[in-house]
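What follows is the content of structure-v4.cif (mmCIF, C-alpha atoms).
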data_model
#
loop_
_atom_site.label_atom_id
_atom_site.label_comp_id
_atom_site.auth_asym_id
_atom_site.auth_seq_id
_atom_site.Cartn_x
_atom_site.Cartn_y
_atom_site.Cartn_z
CA MET U 1475 16.45 -14.14 -21.84
CA THR U 1476 14.85 -11.48 -19.68
CA ASP U 1477 16.94 -8.47 -18.81
CA ILE U 1478 16.72 -7.95 -15.03
CA VAL U 1479 17.92 -4.75 -13.40
CA VAL U 1480 18.06 -4.54 -9.61
CA MET U 1481 17.87 -0.97 -8.34
CA ARG U 1482 17.59 0.90 -5.07
CA ALA U 1483 15.05 3.71 -4.79
CA VAL U 1484 16.67 7.11 -5.31
CA THR U 1485 13.90 9.54 -4.42
CA SER U 1486 15.83 12.83 -4.36
CA ASP U 1487 15.31 15.10 -7.37
CA ASN U 1488 12.61 12.76 -8.65
CA GLN U 1489 11.06 15.50 -10.76
CA ALA U 1490 14.40 16.32 -12.45
CA HIS U 1491 14.81 12.66 -13.41
CA ALA U 1492 11.19 12.58 -14.60
CA ASP U 1493 11.80 15.64 -16.78
CA ARG U 1494 14.75 13.93 -18.46
CA VAL U 1495 12.68 10.78 -19.03
CA ARG U 1496 9.97 12.88 -20.64
CA LYS U 1497 12.50 14.54 -22.93
CA MET U 1498 13.85 11.15 -24.07
CA LEU U 1499 10.31 10.02 -24.89
CA ASP U 1500 9.39 13.27 -26.66
CA ASP U 1501 12.63 13.34 -28.65
CA ASN U 1502 11.62 9.92 -30.02
CA ARG U 1503 7.89 10.69 -30.35
CA VAL U 1504 7.11 7.88 -27.94
CA VAL U 1505 4.04 8.00 -25.67
CA GLY U 1506 4.71 6.96 -22.07
CA LEU U 1507 2.15 5.45 -19.67
CA ASN U 1508 2.48 4.74 -15.94
CA MET U 1509 0.18 1.86 -14.86
CA ILE U 1510 -0.68 1.70 -11.16
CA SER U 1511 -2.74 -0.79 -9.17
CA GLY U 1512 -2.70 -3.11 -6.17
CA PRO U 1513 -1.23 -6.62 -6.48
CA GLY U 1514 -3.01 -8.90 -8.90
CA SER U 1515 -5.38 -6.38 -10.48
CA GLY U 1516 -4.56 -7.62 -13.96
CA LYS U 1517 -1.94 -5.17 -15.24
CA THR U 1518 0.25 -7.80 -16.94
CA THR U 1519 -2.72 -9.67 -18.37
CA LEU U 1520 -4.08 -6.45 -19.88
CA LEU U 1521 -0.68 -5.67 -21.38
CA GLU U 1522 -0.36 -9.18 -22.87
CA ARG U 1523 -3.77 -8.86 -24.51
CA THR U 1524 -3.15 -5.26 -25.65
CA ILE U 1525 0.11 -6.26 -27.35
CA ARG U 1526 -1.45 -9.31 -29.02
CA ASP U 1527 -4.55 -7.45 -30.22
CA ASN U 1528 -2.63 -4.49 -31.69
CA PRO U 1529 0.22 -5.87 -33.78
CA ASP U 1530 0.57 -2.56 -35.65
CA LEU U 1531 1.40 -0.67 -32.42
CA ARG U 1532 4.96 -0.99 -31.17
CA PHE U 1533 5.10 -1.37 -27.37
CA GLY U 1534 8.10 -1.47 -25.05
CA ILE U 1535 7.35 -2.49 -21.46
CA ILE U 1536 9.19 -1.73 -18.22
CA GLU U 1537 8.07 -4.23 -15.58
CA GLY U 1538 8.42 -3.13 -11.97
CA ASP U 1539 8.36 -5.82 -9.30
CA VAL U 1540 9.80 -6.22 -5.84
CA PHE U 1541 11.18 -9.60 -6.89
CA THR U 1542 11.04 -12.07 -9.84
CA ALA U 1543 11.20 -11.59 -13.59
CA ARG U 1544 7.94 -13.43 -14.26
CA ASP U 1545 6.09 -10.45 -15.70
CA ALA U 1546 8.82 -9.45 -18.16
CA ALA U 1547 8.98 -13.07 -19.33
CA ARG U 1548 5.22 -12.98 -19.96
CA ILE U 1549 5.57 -9.79 -22.00
CA GLU U 1550 8.42 -11.19 -24.06
CA ALA U 1551 6.37 -14.30 -24.76
CA VAL U 1552 3.85 -12.11 -26.60
CA GLY U 1553 6.58 -10.47 -28.64
CA ALA U 1554 7.29 -7.07 -27.08
CA PRO U 1555 10.65 -5.90 -25.76
CA SER U 1556 10.64 -5.63 -21.97
CA ILE U 1557 12.91 -4.77 -19.08
CA GLN U 1558 12.42 -6.20 -15.62
CA LEU U 1559 13.18 -3.80 -12.77
CA ASN U 1560 13.45 -5.42 -9.34
CA THR U 1561 13.40 -3.11 -6.31
CA GLU U 1562 14.10 -5.91 -3.78
CA GLY U 1563 11.94 -4.28 -1.15
CA ALA U 1564 11.09 -0.76 -2.32
CA CYS U 1565 7.37 -0.26 -2.78
CA HIS U 1566 7.37 1.97 -5.87
CA LEU U 1567 9.46 2.85 -8.90
CA THR U 1568 11.30 6.17 -9.14
CA ALA U 1569 12.04 8.37 -12.15
CA HIS U 1570 15.74 7.73 -11.55
CA MET U 1571 15.15 4.01 -12.18
CA ILE U 1572 13.26 4.74 -15.40
CA GLU U 1573 15.91 7.18 -16.59
CA THR U 1574 18.56 4.51 -15.99
CA VAL U 1575 16.89 1.68 -17.87
CA LEU U 1576 15.02 3.54 -20.63
CA PRO U 1577 18.06 3.64 -22.97
CA ARG U 1578 18.00 -0.17 -23.02
CA LEU U 1579 14.86 0.06 -25.14
CA ASP U 1580 15.24 1.14 -28.78
CA LEU U 1581 12.94 4.15 -28.52
CA SER U 1582 13.25 4.94 -32.21
CA ALA U 1583 11.40 1.67 -32.93
CA LEU U 1584 8.53 2.20 -30.44
CA ASP U 1585 5.17 3.96 -30.29
CA PHE U 1586 4.58 3.39 -26.58
CA VAL U 1587 6.58 2.78 -23.43
CA ILE U 1588 4.34 1.39 -20.70
CA VAL U 1589 5.66 1.17 -17.15
CA GLU U 1590 3.94 -1.44 -15.03
CA ASN U 1591 4.56 -0.07 -11.56
CA ILE U 1592 4.97 -2.15 -8.38
CA GLY U 1593 1.70 -3.72 -7.22
CA ASN U 1594 0.76 -1.10 -4.63
CA LEU U 1595 -2.13 1.37 -4.59
CA ILE U 1596 -0.36 3.84 -2.28
CA CYS U 1597 3.28 4.80 -2.81
CA PRO U 1598 3.62 4.80 -6.64
CA SER U 1599 1.19 7.73 -6.85
CA ALA U 1600 3.69 10.03 -5.15
CA PHE U 1601 6.51 9.48 -7.68
CA PRO U 1602 5.96 10.82 -11.21
CA LEU U 1603 8.02 8.85 -13.73
CA GLY U 1604 8.00 11.28 -16.65
CA MET U 1605 5.22 9.43 -18.45
CA HIS U 1606 2.54 11.34 -20.37
CA LYS U 1607 -0.45 9.61 -18.86
CA ARG U 1608 -1.25 7.67 -15.73
CA VAL U 1609 -3.63 4.70 -15.75
CA VAL U 1610 -5.00 3.13 -12.56
CA LEU U 1611 -6.56 -0.33 -12.47
CA LEU U 1612 -9.05 -1.55 -9.89
CA SER U 1613 -10.21 -5.15 -10.17
CA THR U 1614 -13.77 -5.97 -9.16
CA PRO U 1615 -12.67 -8.52 -6.49
CA GLU U 1616 -10.80 -5.73 -4.67
CA GLY U 1617 -14.15 -4.12 -3.92
CA HIS U 1618 -16.01 -0.97 -4.82
CA ASP U 1619 -14.87 0.91 -1.69
CA LYS U 1620 -11.29 1.49 -2.83
CA VAL U 1621 -11.53 4.95 -4.47
CA LEU U 1622 -12.04 6.75 -1.15
CA LYS U 1623 -9.67 4.42 0.74
CA TYR U 1624 -6.79 5.01 -1.74
CA PRO U 1625 -7.68 8.41 -3.21
CA GLN U 1626 -4.13 9.40 -4.26
CA ALA U 1627 -4.00 6.74 -6.98
CA PHE U 1628 -7.38 7.72 -8.37
CA HIS U 1629 -6.96 11.47 -7.93
CA THR U 1630 -3.93 11.63 -10.21
CA SER U 1631 -4.97 9.24 -12.98
CA ASP U 1632 -6.10 10.02 -16.51
CA VAL U 1633 -7.93 6.72 -16.97
CA VAL U 1634 -9.55 4.41 -14.41
CA LEU U 1635 -9.95 0.82 -15.62
CA ILE U 1636 -12.28 -1.50 -13.71
CA THR U 1637 -10.83 -4.91 -14.51
CA LYS U 1638 -12.08 -8.49 -14.12
CA THR U 1639 -15.67 -7.46 -14.81
CA ASP U 1640 -16.33 -11.10 -15.72
CA VAL U 1641 -16.43 -11.93 -12.00
CA ALA U 1642 -18.12 -8.67 -10.87
CA SER U 1643 -21.43 -10.26 -9.91
CA ALA U 1644 -19.74 -13.22 -8.18
CA VAL U 1645 -17.84 -10.82 -5.89
CA GLY U 1646 -20.73 -8.36 -5.35
CA PHE U 1647 -19.04 -5.41 -7.05
CA ASP U 1648 -21.21 -2.29 -7.35
CA LEU U 1649 -19.89 0.05 -10.04
CA SER U 1650 -22.21 2.87 -8.98
CA VAL U 1651 -20.17 3.31 -5.78
CA VAL U 1652 -16.98 3.83 -7.81
CA VAL U 1653 -18.76 6.26 -10.15
CA SER U 1654 -20.06 8.23 -7.20
CA ASP U 1655 -16.75 8.26 -5.29
CA LEU U 1656 -14.80 9.32 -8.39
CA LYS U 1657 -17.05 12.38 -8.69
CA SER U 1658 -15.47 13.71 -5.50
CA VAL U 1659 -11.92 12.38 -5.98
CA ASN U 1660 -11.38 12.93 -9.71
CA PRO U 1661 -14.42 14.36 -11.51
CA LYS U 1662 -12.68 14.49 -14.89
CA VAL U 1663 -12.61 10.70 -15.30
CA GLU U 1664 -15.23 7.99 -15.39
CA PRO U 1665 -14.40 4.32 -14.84
CA TRP U 1666 -14.14 2.09 -17.89
CA LYS U 1667 -15.19 -1.53 -17.41
CA ILE U 1668 -12.88 -4.07 -19.02
CA SER U 1669 -12.30 -7.81 -18.97
CA ALA U 1670 -9.29 -9.43 -20.57
CA VAL U 1671 -11.25 -12.71 -20.38
CA THR U 1672 -14.45 -11.72 -22.19
CA GLY U 1673 -12.95 -8.78 -24.10
CA GLU U 1674 -15.51 -6.34 -22.63
CA GLY U 1675 -14.42 -2.73 -23.02
CA LEU U 1676 -11.09 -3.42 -24.70
CA ASP U 1677 -12.13 -1.53 -27.86
CA ARG U 1678 -12.50 1.67 -25.87
CA TRP U 1679 -9.10 1.18 -24.25
CA TYR U 1680 -7.43 0.51 -27.60
CA LYS U 1681 -9.16 3.54 -29.15
CA TRP U 1682 -7.85 5.70 -26.33
CA LEU U 1683 -4.31 4.38 -26.80
CA ARG U 1684 -4.48 5.16 -30.54
CA SER U 1685 -5.73 8.68 -29.79
CA LEU U 1686 -2.44 9.36 -27.96
CA LYS U 1687 -0.20 8.43 -30.89
CA MET Q 1360 -19.60 6.82 16.43
CA THR Q 1361 -16.28 5.57 15.14
CA ASP Q 1362 -13.17 6.80 16.87
CA ILE Q 1363 -10.76 8.03 14.15
CA VAL Q 1364 -7.13 8.75 14.94
CA VAL Q 1365 -4.96 10.41 12.29
CA MET Q 1366 -1.26 9.68 12.77
CA ARG Q 1367 2.01 10.26 10.98
CA ALA Q 1368 4.43 7.35 10.65
CA VAL Q 1369 7.14 7.45 13.32
CA THR Q 1370 9.54 4.72 12.23
CA SER Q 1371 12.44 5.36 14.59
CA ASP Q 1372 12.78 2.96 17.50
CA ASN Q 1373 10.00 0.83 16.06
CA GLN Q 1374 11.14 -2.23 18.00
CA ALA Q 1375 11.12 -0.35 21.32
CA HIS Q 1376 7.53 0.74 20.70
CA ALA Q 1377 6.66 -2.84 19.66
CA ASP Q 1378 8.17 -4.18 22.88
CA ARG Q 1379 5.98 -1.84 24.94
CA VAL Q 1380 2.91 -2.88 22.96
CA ARG Q 1381 3.71 -6.52 23.64
CA LYS Q 1382 4.05 -5.84 27.34
CA MET Q 1383 0.64 -4.13 27.46
CA LEU Q 1384 -0.91 -7.16 25.75
CA ASP Q 1385 0.88 -9.67 27.96
CA ASP Q 1386 0.04 -7.78 31.15
CA ASN Q 1387 -3.61 -8.17 30.20
CA ARG Q 1388 -3.32 -11.71 28.81
CA VAL Q 1389 -4.49 -10.50 25.43
CA VAL Q 1390 -3.35 -12.19 22.20
CA GLY Q 1391 -2.33 -9.77 19.44
CA LEU Q 1392 -2.49 -10.48 15.69
CA ASN Q 1393 -1.13 -8.41 12.79
CA MET Q 1394 -3.13 -9.02 9.58
CA ILE Q 1395 -1.39 -8.14 6.33
CA SER Q 1396 -2.56 -8.28 2.71
CA GLY Q 1397 -2.97 -6.27 -0.45
CA PRO Q 1398 -6.05 -4.08 -0.95
CA GLY Q 1399 -9.35 -5.91 -1.05
CA SER Q 1400 -8.14 -9.37 -0.05
CA GLY Q 1401 -10.97 -9.76 2.43
CA LYS Q 1402 -9.43 -8.82 5.78
CA THR Q 1403 -12.44 -6.87 7.06
CA THR Q 1404 -14.93 -9.42 5.78
CA LEU Q 1405 -13.04 -12.22 7.56
CA LEU Q 1406 -12.98 -10.18 10.77
CA GLU Q 1407 -16.73 -9.48 10.54
CA ARG Q 1408 -17.48 -13.16 10.12
CA THR Q 1409 -14.98 -14.22 12.83
CA ILE Q 1410 -16.55 -11.86 15.36
CA ARG Q 1411 -20.11 -12.95 14.48
CA ASP Q 1412 -19.30 -16.67 14.54
CA ASN Q 1413 -17.46 -16.57 17.90
CA PRO Q 1414 -19.60 -14.61 20.34
CA ASP Q 1415 -17.72 -16.12 23.31
CA LEU Q 1416 -14.39 -14.63 22.17
CA ARG Q 1417 -13.82 -10.97 22.96
CA PHE Q 1418 -12.17 -9.13 20.06
CA GLY Q 1419 -10.90 -5.56 19.84
CA ILE Q 1420 -9.92 -4.37 16.37
CA ILE Q 1421 -7.50 -1.66 15.24
CA GLU Q 1422 -8.31 -0.73 11.64
CA GLY Q 1423 -5.47 0.76 9.62
CA ASP Q 1424 -6.38 2.66 6.46
CA VAL Q 1425 -4.85 5.48 4.49
CA PHE Q 1426 -8.20 7.25 4.55
CA THR Q 1427 -11.84 6.65 5.62
CA ALA Q 1428 -13.38 5.05 8.68
CA ARG Q 1429 -15.45 2.55 6.70
CA ASP Q 1430 -13.77 -0.55 8.07
CA ALA Q 1431 -14.06 0.41 11.73
CA ALA Q 1432 -17.74 1.19 11.16
CA ARG Q 1433 -18.18 -2.31 9.69
CA ILE Q 1434 -16.51 -3.86 12.75
CA GLU Q 1435 -18.64 -1.86 15.16
CA ALA Q 1436 -21.75 -2.96 13.29
CA VAL Q 1437 -20.98 -6.56 14.27
CA GLY Q 1438 -20.50 -5.60 17.89
CA ALA Q 1439 -16.76 -5.38 18.56
CA PRO Q 1440 -14.91 -2.31 19.83
CA SER Q 1441 -12.72 -0.81 17.13
CA ILE Q 1442 -10.37 2.08 16.53
CA GLN Q 1443 -9.79 3.57 13.10
CA LEU Q 1444 -6.23 4.68 12.42
CA ASN Q 1445 -5.80 6.87 9.32
CA THR Q 1446 -2.25 7.39 8.03
CA GLU Q 1447 -3.28 9.93 5.34
CA GLY Q 1448 -0.63 8.69 2.94
CA ALA Q 1449 1.71 6.39 4.86
CA CYS Q 1450 1.71 2.87 3.47
CA HIS Q 1451 2.00 0.88 6.71
CA LEU Q 1452 1.27 1.09 10.42
CA THR Q 1453 4.06 1.54 12.95
CA ALA Q 1454 4.40 0.21 16.50
CA HIS Q 1455 4.35 3.82 17.71
CA MET Q 1456 0.83 4.19 16.28
CA ILE Q 1457 -0.33 1.00 18.01
CA GLU Q 1458 1.26 1.99 21.30
CA THR Q 1459 -0.56 5.34 21.11
CA VAL Q 1460 -4.05 3.99 20.43
CA LEU Q 1461 -3.99 0.66 22.30
CA PRO Q 1462 -4.96 2.23 25.65
CA ARG Q 1463 -8.24 3.34 24.04
CA LEU Q 1464 -9.31 -0.31 24.08
CA ASP Q 1465 -10.27 -1.85 27.42
CA LEU Q 1466 -7.68 -4.63 27.32
CA SER Q 1467 -8.92 -6.16 30.56
CA ALA Q 1468 -12.15 -7.04 28.74
CA LEU Q 1469 -10.57 -8.59 25.64
CA ASP Q 1470 -9.15 -11.94 24.51
CA PHE Q 1471 -7.73 -10.71 21.20
CA VAL Q 1472 -6.51 -7.48 19.65
CA ILE Q 1473 -6.38 -7.80 15.88
CA VAL Q 1474 -4.65 -5.11 13.85
CA GLU Q 1475 -5.85 -4.87 10.28
CA ASN Q 1476 -2.84 -3.30 8.61
CA ILE Q 1477 -2.92 -0.96 5.59
CA GLY Q 1478 -3.82 -2.78 2.35
CA ASN Q 1479 -0.29 -3.29 1.06
CA LEU Q 1480 1.70 -6.50 0.56
CA ILE Q 1481 5.09 -4.78 0.81
CA CYS Q 1482 5.80 -2.19 3.51
CA PRO Q 1483 3.83 -3.52 6.52
CA SER Q 1484 6.10 -6.58 6.66
CA ALA Q 1485 9.07 -4.44 7.68
CA PHE Q 1486 7.42 -2.96 10.78
CA PRO Q 1487 6.68 -5.32 13.69
CA LEU Q 1488 3.79 -4.02 15.78
CA GLY Q 1489 4.35 -6.02 18.96
CA MET Q 1490 1.69 -8.57 18.08
CA HIS Q 1491 2.19 -12.26 18.92
CA LYS Q 1492 1.36 -13.64 15.50
CA ARG Q 1493 1.30 -12.42 11.94
CA VAL Q 1494 -1.37 -13.51 9.46
CA VAL Q 1495 -1.11 -12.85 5.72
CA LEU Q 1496 -4.09 -13.07 3.37
CA LEU Q 1497 -3.90 -13.72 -0.36
CA SER Q 1498 -7.17 -13.72 -2.28
CA THR Q 1499 -7.52 -16.07 -5.22
CA PRO Q 1500 -8.25 -13.23 -7.71
CA GLU Q 1501 -4.83 -11.71 -6.91
CA GLY Q 1502 -3.23 -14.75 -8.52
CA HIS Q 1503 -1.11 -17.70 -7.50
CA ASP Q 1504 2.19 -15.98 -8.42
CA LYS Q 1505 2.27 -13.59 -5.46
CA VAL Q 1506 4.34 -15.56 -2.92
CA LEU Q 1507 7.57 -15.14 -4.88
CA LYS Q 1508 6.70 -11.60 -6.02
CA TYR Q 1509 6.05 -10.38 -2.46
CA PRO Q 1510 8.13 -12.81 -0.38
CA GLN Q 1511 8.61 -10.55 2.66
CA ALA Q 1512 4.93 -10.75 3.63
CA PHE Q 1513 4.87 -14.53 3.32
CA HIS Q 1514 8.30 -15.15 4.80
CA THR Q 1515 7.41 -13.58 8.13
CA SER Q 1516 3.88 -14.89 8.63
CA ASP Q 1517 2.65 -17.58 10.98
CA VAL Q 1518 -0.48 -18.31 8.98
CA VAL Q 1519 -1.21 -17.90 5.26
CA LEU Q 1520 -4.91 -17.65 4.42
CA ILE Q 1521 -6.00 -18.11 0.81
CA THR Q 1522 -9.26 -16.16 0.71
CA LYS Q 1523 -12.17 -15.96 -1.74
CA THR Q 1524 -11.82 -19.63 -2.66
CA ASP Q 1525 -15.43 -19.46 -3.87
CA VAL Q 1526 -14.21 -17.71 -7.04
CA ALA Q 1527 -10.93 -19.66 -7.37
CA SER Q 1528 -11.92 -21.58 -10.48
CA ALA Q 1529 -13.47 -18.50 -12.14
CA VAL Q 1530 -10.15 -16.66 -11.83
CA GLY Q 1531 -7.91 -19.64 -12.70
CA PHE Q 1532 -6.21 -19.84 -9.31
CA ASP Q 1533 -3.81 -22.79 -8.90
CA LEU Q 1534 -3.15 -23.51 -5.22
CA SER Q 1535 -0.31 -25.91 -6.02
CA VAL Q 1536 1.84 -22.95 -7.14
CA VAL Q 1537 1.37 -21.27 -3.75
CA VAL Q 1538 2.13 -24.52 -1.91
CA SER Q 1539 5.29 -24.99 -3.93
CA ASP Q 1540 6.47 -21.37 -3.63
CA LEU Q 1541 5.84 -21.35 0.14
CA LYS Q 1542 8.19 -24.34 0.49
CA SER Q 1543 11.07 -22.07 -0.48
CA VAL Q 1544 9.86 -18.83 1.15
CA ASN Q 1545 8.40 -20.10 4.43
CA PRO Q 1546 8.53 -23.90 4.79
CA LYS Q 1547 6.97 -23.88 8.26
CA VAL Q 1548 3.53 -22.83 6.98
CA GLU Q 1549 1.06 -24.26 4.54
CA PRO Q 1550 -1.74 -22.18 3.03
CA TRP Q 1551 -5.23 -22.58 4.47
CA LYS Q 1552 -8.10 -22.14 2.04
CA ILE Q 1553 -11.00 -20.09 3.34
CA SER Q 1554 -14.13 -18.40 2.03
CA ALA Q 1555 -16.20 -16.02 4.09
CA VAL Q 1556 -18.99 -16.59 1.53
CA THR Q 1557 -19.25 -20.40 1.64
CA GLY Q 1558 -17.65 -20.82 5.07
CA GLU Q 1559 -14.94 -23.15 3.69
CA GLY Q 1560 -12.01 -23.49 6.07
CA LEU Q 1561 -13.33 -21.16 8.76
CA ASP Q 1562 -13.42 -23.95 11.36
CA ARG Q 1563 -9.67 -24.43 11.06
CA TRP Q 1564 -9.08 -20.68 11.42
CA TYR Q 1565 -11.30 -20.48 14.50
CA LYS Q 1566 -9.63 -23.55 16.02
CA TRP Q 1567 -6.23 -21.90 15.53
CA LEU Q 1568 -7.45 -18.68 17.17
CA ARG Q 1569 -8.73 -20.64 20.16
CA SER Q 1570 -5.40 -22.47 20.46
CA LEU Q 1571 -3.71 -19.11 21.11
CA LYS Q 1572 -5.93 -18.16 24.04
#
Can you give me the file's structure in the form of structure tokens?
Amino acid sequence: MTDIVVMRAVTSDNQAHADRVRKMLDDNRVVGLNMISGPGSGKTTLLERTIRDNPDLRFGIIEGDVFTARDAARIEAVGAPSIQLNTEGACHLTAHMIETVLPRLDLSALDFVIVENIGNLICPSAFPLGMHKRVVLLSTPEGHDKVLKYPQAFHTSDVVLITKTDVASAVGFDLSVVVSDLKSVNPKVEPWKISAVTGEGLDRWYKWLRSLK
Amino acid sequence: MTDIVVMRAVTSDNQAHADRVRKMLDDNRVVGLNMISGPGSGKTTLLERTIRDNPDLRFGIIEGDVFTARDAARIEAVGAPSIQLNTEGACHLTAHMIETVLPRLDLSALDFVIVENIGNLICPSAFPLGMHKRVVLLSTPEGHDKVLKYPQAFHTSDVVLITKTDVASAVGFDLSVVVSDLKSVNPKVEPWKISAVTGEGLDRWYKWLRSLK
């Protein structure tokens, strides 16, 4: 049975809440990730595959959605503990929400806590959640022009995953535009191509996760 | 040369601004549409094709983006007047923004004003812009689970366009889920399948536009 928590967005003192989240993670030697993307970029699918392909890594997932508990149910079906946060309208998660629900996960039994933020390329970027790293996903059907149109998400991320590369040619996606635009927005990262369908690029993603442990 | 207007979001008295926008449109017998979707669902591509395929209809376009003037440039390239609104961070347009820029279009020479809202399935739904009709786009790669996850956008729309049907089977999109979910969220509409690549369903969309004139 999926644990659903409905919360309003408390945005005051966000950094203070984020600092307390970080301390909880660090006290338990847990690595925290904040995953950001637009709707339907493949965040949940990547998490399902990551959990299945790495049975020796212990993941706990916090699923942020405006409504429904579908994503947390998908995560539980692949065997990881998950919490479903519903904002019922708010367009991003806040550190206060994470601080509130994090104790529901048994941190002493986890290697990673991954927060799947609300499907929105804009607002989540402005609210740090206390995680150690930020990962942004851009799916090839969304188009190669999105880095400059939504620079905040890309500017603040440690990893940029280009998802759904299996349909890249069908949707006319040109990776060179993303590479070029990232040079101005966030020169420290390069985009990694992945496909949860074909498995392209997953090794690199898994290797990066293991490097954080 | 694209006309770029940078504006902050004034959300107070949104309905009063929307009412004044509506009056400007009605005084000029112009039909206004508010297009809403997540990032990269194909709003601009549909507008390009709609303008090209209907040379007898006179469109003016207001392009909302967080940053860049790329979309307005694309609209001008197909011969329609356009205004680029940049919010520089805000996740939706407001009626105040539309009221401010609408006089830059020659309404007496137009049949339609179409506002392409910020790429965001959440926040734009809460801010009426004074348009007559609201159109929501969902692209097949975003997934068939989005109606219940983002019900506000679908609940308030007059037309639901399922875009990029040319890649529907490649991404495992099941239209029956959308049909079923819409029955609970917005029973008055059914989704229309369209593809700006193959041309599927465009006739119905154009016929609907002409019915509003």
field: Given all atoms listed in the file as the counted atoms, nearest of Q:Ser1441, Q:Ser1535, Q:Gln1511, Q:Thr1453 to Glu1407 in chain Q
entry: Q:Ser1441
query: Could you spell out the hits of the PyMOL selection byres ((chain Q) within 6 of (chain U)) on the shown file, as a VMD selection string?
result: chain Q and resid 1399 1426 to 1427 1501 to 1502 1508
Between CA of Met1383 in chain Q and CA of Pro1462 in chain Q, distance in Å (one decimal): 8.7 Å
task: Give me the residues within 10 Å of Ala1432 in chain Q as a ChimeraX atom specification, counting all atoms listed in the file and dropping any in the same chain fewer than 5 places off.
output: /Q:1360-1362,1422,1427,1437-1443
Please produce a file of those selected residues containing C-alpha atoms, as a PDB file, keeping the file's coordinate frame.
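Saved file out_31.pdb follows:
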ATOM      1  CA  MET Q1360     -19.600   6.820  16.430  1.00  0.00           C
ATOM      2  CA  THR Q1361     -16.280   5.570  15.140  1.00  0.00           C
ATOM      3  CA  ASP Q1362     -13.170   6.800  16.870  1.00  0.00           C
ATOM      4  CA  GLU Q1422      -8.310  -0.730  11.640  1.00  0.00           C
ATOM      5  CA  THR Q1427     -11.840   6.650   5.620  1.00  0.00           C
ATOM      6  CA  VAL Q1437     -20.980  -6.560  14.270  1.00  0.00           C
ATOM      7  CA  GLY Q1438     -20.500  -5.600  17.890  1.00  0.00           C
ATOM      8  CA  ALA Q1439     -16.760  -5.380  18.560  1.00  0.00           C
ATOM      9  CA  PRO Q1440     -14.910  -2.310  19.830  1.00  0.00           C
ATOM     10  CA  SER Q1441     -12.720  -0.810  17.130  1.00  0.00           C
ATOM     11  CA  ILE Q1442     -10.370   2.080  16.530  1.00  0.00           C
ATOM     12  CA  GLN Q1443      -9.790   3.570  13.100  1.00  0.00           C
TER      13      GLN Q1443
END
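Rounded to one decimal, CA of Leu1683 in chain U and CA of Asn1508 in chain U lie 12.8 Å from each other.
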